Amino acid sequence: MAISQKIQDSLGRSSWIRKMFEEGDRLRKEWGPDRVFDFTLGNPDLEPPEVFRESLRELATNPVPGMHKYMNNAGYPETRRAVAAYLSKLSGKSLNENHVVMTCGAGGGLNVVLKALLNPGEEVVCIAPYFVEYGFYVDNHQGRLVVVKSGPDFLPDIAALGAAITPKTKAIIINSPNNPTGVVYPAETLEAIERLLAEKERQYGTEIYLVSDEPYTKLVYDGVKVPPVFKYVRRSILVTSHSKDLALPGERIGYVAINPDIPEADQLFNGLVFANRILGFVNAPAMMQRLIAPLQEVAAGVDAYRERRDILVDHLCKVGFKLIKPQGAFYIFPQSPEPDDVAFINKAASFGLLLVPGSGFGLPGYFRIAYCVDKEMILRSLPVFTRVAEEYGLTRR
């Protein structure tokens, strides 16, 4: 076998999102692209904001001397200062450049954090439904993922979370606004998590970190605000990227920020910088660091995503699907009309609808729709959603 047994096994458990995307390629060739409605990938179809394109043209026309050279492994100090100033404004905390490490997207950032934190065998708790790659990221660094089911509103079940924490727990990963549900964790939830962590640290004599994965923070609707995690949880680490809010997924630009209230903040910063280097990320892309520094308060496409959400949510509810209206991100996570969500996904695909089963996010019985797609495709898909609903008798209820 050319690859390790472990990787071979992992390939068998890998992302349902990619599997359905590949099924879409097959169906498009067989049926034609107009008859396939692909809602699988969280890949923004919008272009970056004009201010980004203007800055890119300016930098290309008037390059900064030495702008393609190596830099500090934490990233450019001026970019880190810009991020620190933005987060200080949001949280009321006093961050500086030595609380920020620029990374190759949020995926790179999460691996950097886990590499810096985990000893072999330590546990990381996450809340289902969750981004499936968390398990692979934790395994990369010899940790063990512990999955806790969320409550019926997709918010953390604090009692279940507490029961999952052991002396081996090193971190909890949360994701708000959440992929795949679009739910935003309110301040009360963060306060409850802080009380729980303080209690468990006293009980076990350990340190437990809250890792907040936040690439969708600026994509929120209806006046919803995402509470700043640093304001509510002392031992918190923020990981994010500009893949979604600036529509730059292919540029792999993000950062890790640490709460300045962490007692060992200096040591943690040094560990993150070292992990960034030895994992091979080395540093985030130089040009992107320069371009995103002044764009920390910019978000692309909020109004467009809200419109698409409303079109789909209104129609899905009208034809009988059960769902919680998302507050942020660009996903809807309805209940599957049959208990076997994979069987439902296969049935939907036979109509040309490409969706992702909740099983791919650790919560069977649901399915995910990514609405960061062309509005015209959404409109053309509505009669197909109706036919699927009729197939299950939803419209007759």
# chains A, B, ... in the order shown; residues from 1 in each chain; ligands from 1
$ residues_around --residues "range 360-363 of chain A" --least-positions-apart "6" --cutoff "12 Å" --atoms "only C-alpha atoms" --output "VMD selection string"
chain A and resid 13 to 20 40 126 to 135 145 to 152 154 178 to 181 333 to 336 339 to 342 345
$ write_last_selection --atoms "C-alpha atoms" --output "compact mmCIF listing (two decimals), in the first residue's frame"
# COMPACT_ATOMS: atom_id res chain seq x y z
CA ARG A 13 -14.16 8.62 7.02
CA SER A 14 -13.35 11.86 5.22
CA SER A 15 -15.64 14.70 4.36
CA TRP A 16 -19.16 14.08 3.10
CA ILE A 17 -18.96 17.58 1.62
CA ARG A 18 -16.29 16.48 -0.83
CA LYS A 19 -18.12 13.25 -1.61
CA MET A 20 -21.28 15.12 -2.58
CA THR A 40 -22.54 21.30 -0.77
CA CYS A 126 -16.33 19.76 20.70
CA ILE A 127 -20.08 20.17 20.28
CA ALA A 128 -22.06 18.33 17.61
CA PRO A 129 -22.87 19.31 14.98
CA TYR A 130 -19.30 20.35 14.23
CA PHE A 131 -16.84 20.83 11.38
CA VAL A 132 -15.62 17.29 10.70
CA GLU A 133 -11.98 18.27 10.24
CA TYR A 134 -11.70 19.01 13.99
CA GLY A 135 -11.23 15.30 14.62
CA LEU A 145 -11.59 14.33 20.24
CA VAL A 146 -14.57 14.00 22.59
CA VAL A 147 -17.91 14.88 20.99
CA VAL A 148 -20.86 16.20 23.00
CA LYS A 149 -24.29 16.56 21.44
CA SER A 150 -25.81 20.04 21.49
CA GLY A 151 -29.23 20.86 22.88
CA PRO A 152 -32.38 20.93 20.71
CA PHE A 154 -28.15 23.66 18.73
CA ASN A 178 -21.89 27.76 13.71
CA ASN A 179 -21.17 25.60 10.70
CA PRO A 180 -23.55 23.88 9.89
CA THR A 181 -26.45 25.39 11.88
CA PHE A 333 -29.49 22.77 8.87
CA PRO A 334 -33.02 21.34 8.51
CA GLN A 335 -34.28 18.11 10.01
CA SER A 336 -34.19 15.18 7.61
CA PRO A 339 -34.34 9.22 10.23
CA ASP A 340 -31.62 8.02 7.86
CA ASP A 341 -30.15 11.32 6.69
CA VAL A 342 -27.79 9.59 4.25
CA ILE A 345 -29.37 12.83 0.77
$ select_by_dssp --residues "range 76-173 of chain A" --states "strand (DSSP E or B)" --output "list in words"
Val100, Val101, Met102, Thr103, Glu123, Val124, Val125, Cys126, Ile127, Ala128, Arg144, Leu145, Val146, Val147, Val148, Lys149, Thr169, Lys170, Ala171, Ile172 and Ile173 of chain A
$ residues_around --residues "range 290-300 of chain A" --least-positions-apart "2" --cutoff "8 Å" --atoms "only C-alpha atoms" --output "list of chain:residue names"
A:Leu46, A:Pro48, A:Pro49, A:Phe52, A:Ser55, A:Leu56, A:Glu78, A:Thr79, A:Arg80, A:Ala82, A:Val83, A:Tyr86, A:Lys218, A:Leu219, A:Asp245, A:Leu246, A:Ala247, A:Ala286, A:Met287, A:Met288, A:Val302
$ closest_residue --among "A:Val184, A:Val124, A:Ala164, A:Ala265" --to "Gly223 in chain A" --atoms "only C-alpha atoms"
A:Val184
$ select_by_dssp --residues "range 55-264 of chain A" --states "helix (DSSP H, G or I)" --output "NGL selection string"
:A and (55-61 or 77-91 or 97-99 or 105-117 or 133-140 or 158-164 or 187-204 or 229-232 or 249-251)
$ residues_around --residues "Leu382 in chain A" --least-positions-apart "4" --cutoff "9 Å" --atoms "only C-alpha atoms" --output "list in words"
Ile311, Leu312, His315, Leu316, Met377, Ile378, Thr386 and Arg387 of chain A
$ atom_distance --atom1 "CA of Thr166 in chain A" --atom2 "CA of Arg202 in chain A"
12.0 Å
$ closest_residue --among "A:Asn72, A:Pro357, A:Gly328, A:Val112" --to "Ala275 in chain A" --atoms "only C-alpha atoms"
A:Val112
$ atom_distance --atom1 "CA of Val233 in chain A" --atom2 "CA of Pro263 in chain A"
12.9 Å
$ decode --residues "range 341-378 of chain A" --atoms "N, CA and C atoms" --output "CSV table (one decimal), in the first residue's frame"
chain,number,residue,atom,x,y,z
A,341,ASP,N,-30.5,10.1,7.5
A,341,ASP,CA,-30.2,11.3,6.7
A,341,ASP,C,-29.4,11.0,5.4
A,342,VAL,N,-28.6,9.9,5.4
A,342,VAL,CA,-27.8,9.6,4.3
A,342,VAL,C,-28.7,9.1,3.2
A,343,ALA,N,-29.7,8.3,3.6
A,343,ALA,CA,-30.7,7.9,2.6
A,343,ALA,C,-31.5,9.1,2.0
A,344,PHE,N,-31.8,10.1,2.8
A,344,PHE,CA,-32.5,11.2,2.3
A,344,PHE,C,-31.6,12.0,1.3
A,345,ILE,N,-30.3,12.1,1.7
A,345,ILE,CA,-29.4,12.8,0.8
A,345,ILE,C,-29.3,12.1,-0.6
A,346,ASN,N,-29.3,10.8,-0.6
A,346,ASN,CA,-29.3,10.1,-1.8
A,346,ASN,C,-30.5,10.3,-2.6
A,347,LYS,N,-31.7,10.3,-1.9
A,347,LYS,CA,-33.0,10.5,-2.6
A,347,LYS,C,-33.0,11.9,-3.2
A,348,ALA,N,-32.5,12.9,-2.4
A,348,ALA,CA,-32.5,14.3,-2.9
A,348,ALA,C,-31.6,14.4,-4.2
A,349,ALA,N,-30.5,13.7,-4.2
A,349,ALA,CA,-29.5,13.7,-5.3
A,349,ALA,C,-30.2,13.1,-6.6
A,350,SER,N,-31.1,12.2,-6.4
A,350,SER,CA,-31.8,11.7,-7.5
A,350,SER,C,-32.8,12.7,-8.2
A,351,PHE,N,-33.0,13.8,-7.5
A,351,PHE,CA,-33.8,14.9,-8.0
A,351,PHE,C,-32.9,16.0,-8.5
A,352,GLY,N,-31.6,15.8,-8.3
A,352,GLY,CA,-30.6,16.9,-8.7
A,352,GLY,C,-30.2,17.8,-7.6
A,353,LEU,N,-30.7,17.6,-6.4
A,353,LEU,CA,-30.3,18.4,-5.2
A,353,LEU,C,-29.1,17.8,-4.5
A,354,LEU,N,-28.1,18.5,-4.4
A,354,LEU,CA,-26.9,18.1,-3.7
A,354,LEU,C,-26.7,18.7,-2.4
A,355,LEU,N,-26.9,17.9,-1.3
A,355,LEU,CA,-26.9,18.4,0.0
A,355,LEU,C,-25.9,17.6,0.8
A,356,VAL,N,-25.7,17.9,2.1
A,356,VAL,CA,-24.7,17.2,2.9
A,356,VAL,C,-25.4,16.6,4.1
A,357,PRO,N,-25.3,15.3,4.4
A,357,PRO,CA,-26.0,14.7,5.6
A,357,PRO,C,-25.4,15.3,6.9
A,358,GLY,N,-26.3,15.3,7.9
A,358,GLY,CA,-25.9,15.7,9.2
A,358,GLY,C,-24.9,14.8,9.8
A,359,SER,N,-24.9,13.5,9.4
A,359,SER,CA,-23.9,12.6,9.8
A,359,SER,C,-22.5,13.0,9.6
A,360,GLY,N,-22.3,13.8,8.5
A,360,GLY,CA,-21.0,14.4,8.2
A,360,GLY,C,-20.5,15.4,9.2
A,361,PHE,N,-21.5,15.9,10.0
A,361,PHE,CA,-21.1,16.9,11.1
A,361,PHE,C,-21.4,16.3,12.5
A,362,GLY,N,-21.4,15.0,12.6
A,362,GLY,CA,-21.6,14.4,13.9
A,362,GLY,C,-23.0,14.4,14.4
A,363,LEU,N,-24.0,14.7,13.6
A,363,LEU,CA,-25.4,14.8,14.1
A,363,LEU,C,-26.3,14.2,13.1
A,364,PRO,N,-26.5,12.9,13.1
A,364,PRO,CA,-27.4,12.3,12.1
A,364,PRO,C,-28.8,12.9,12.3
A,365,GLY,N,-29.6,12.7,11.2
A,365,GLY,CA,-31.0,13.1,11.3
A,365,GLY,C,-31.3,14.5,10.7
A,366,TYR,N,-30.2,15.2,10.2
A,366,TYR,CA,-30.3,16.5,9.7
A,366,TYR,C,-29.6,16.6,8.4
A,367,PHE,N,-29.7,17.7,7.7
A,367,PHE,CA,-28.9,17.9,6.5
A,367,PHE,C,-28.5,19.4,6.3
A,368,ARG,N,-27.4,19.6,5.6
A,368,ARG,CA,-26.9,21.0,5.5
A,368,ARG,C,-27.1,21.5,4.1
A,369,ILE,N,-27.5,22.8,4.0
A,369,ILE,CA,-27.6,23.5,2.8
A,369,ILE,C,-26.7,24.7,2.9
A,370,ALA,N,-25.7,24.8,1.9
A,370,ALA,CA,-24.9,26.0,1.9
A,370,ALA,C,-25.5,27.0,0.9
A,371,TYR,N,-25.9,28.2,1.3
A,371,TYR,CA,-26.5,29.1,0.4
A,371,TYR,C,-25.6,30.2,-0.1
A,372,CYS,N,-24.3,30.0,0.0
A,372,CYS,CA,-23.3,30.9,-0.6
A,372,CYS,C,-23.2,30.6,-2.1
A,373,VAL,N,-24.3,30.5,-2.7
A,373,VAL,CA,-24.3,30.1,-4.2
A,373,VAL,C,-25.2,31.1,-4.9
A,374,ASP,N,-25.1,31.0,-6.2
A,374,ASP,CA,-25.8,32.0,-7.1
A,374,ASP,C,-27.3,32.0,-6.8
A,375,LYS,N,-27.8,33.3,-6.6
A,375,LYS,CA,-29.2,33.5,-6.3
A,375,LYS,C,-30.2,32.8,-7.3
A,376,GLU,N,-29.8,32.9,-8.6
A,376,GLU,CA,-30.6,32.4,-9.7
A,376,GLU,C,-30.7,30.8,-9.5
A,377,MET,N,-29.6,30.2,-9.1
A,377,MET,CA,-29.7,28.8,-8.9
A,377,MET,C,-30.6,28.4,-7.7
A,378,ILE,N,-30.6,29.3,-6.7
A,378,ILE,CA,-31.5,29.1,-5.6
A,378,ILE,C,-32.9,29.1,-6.0
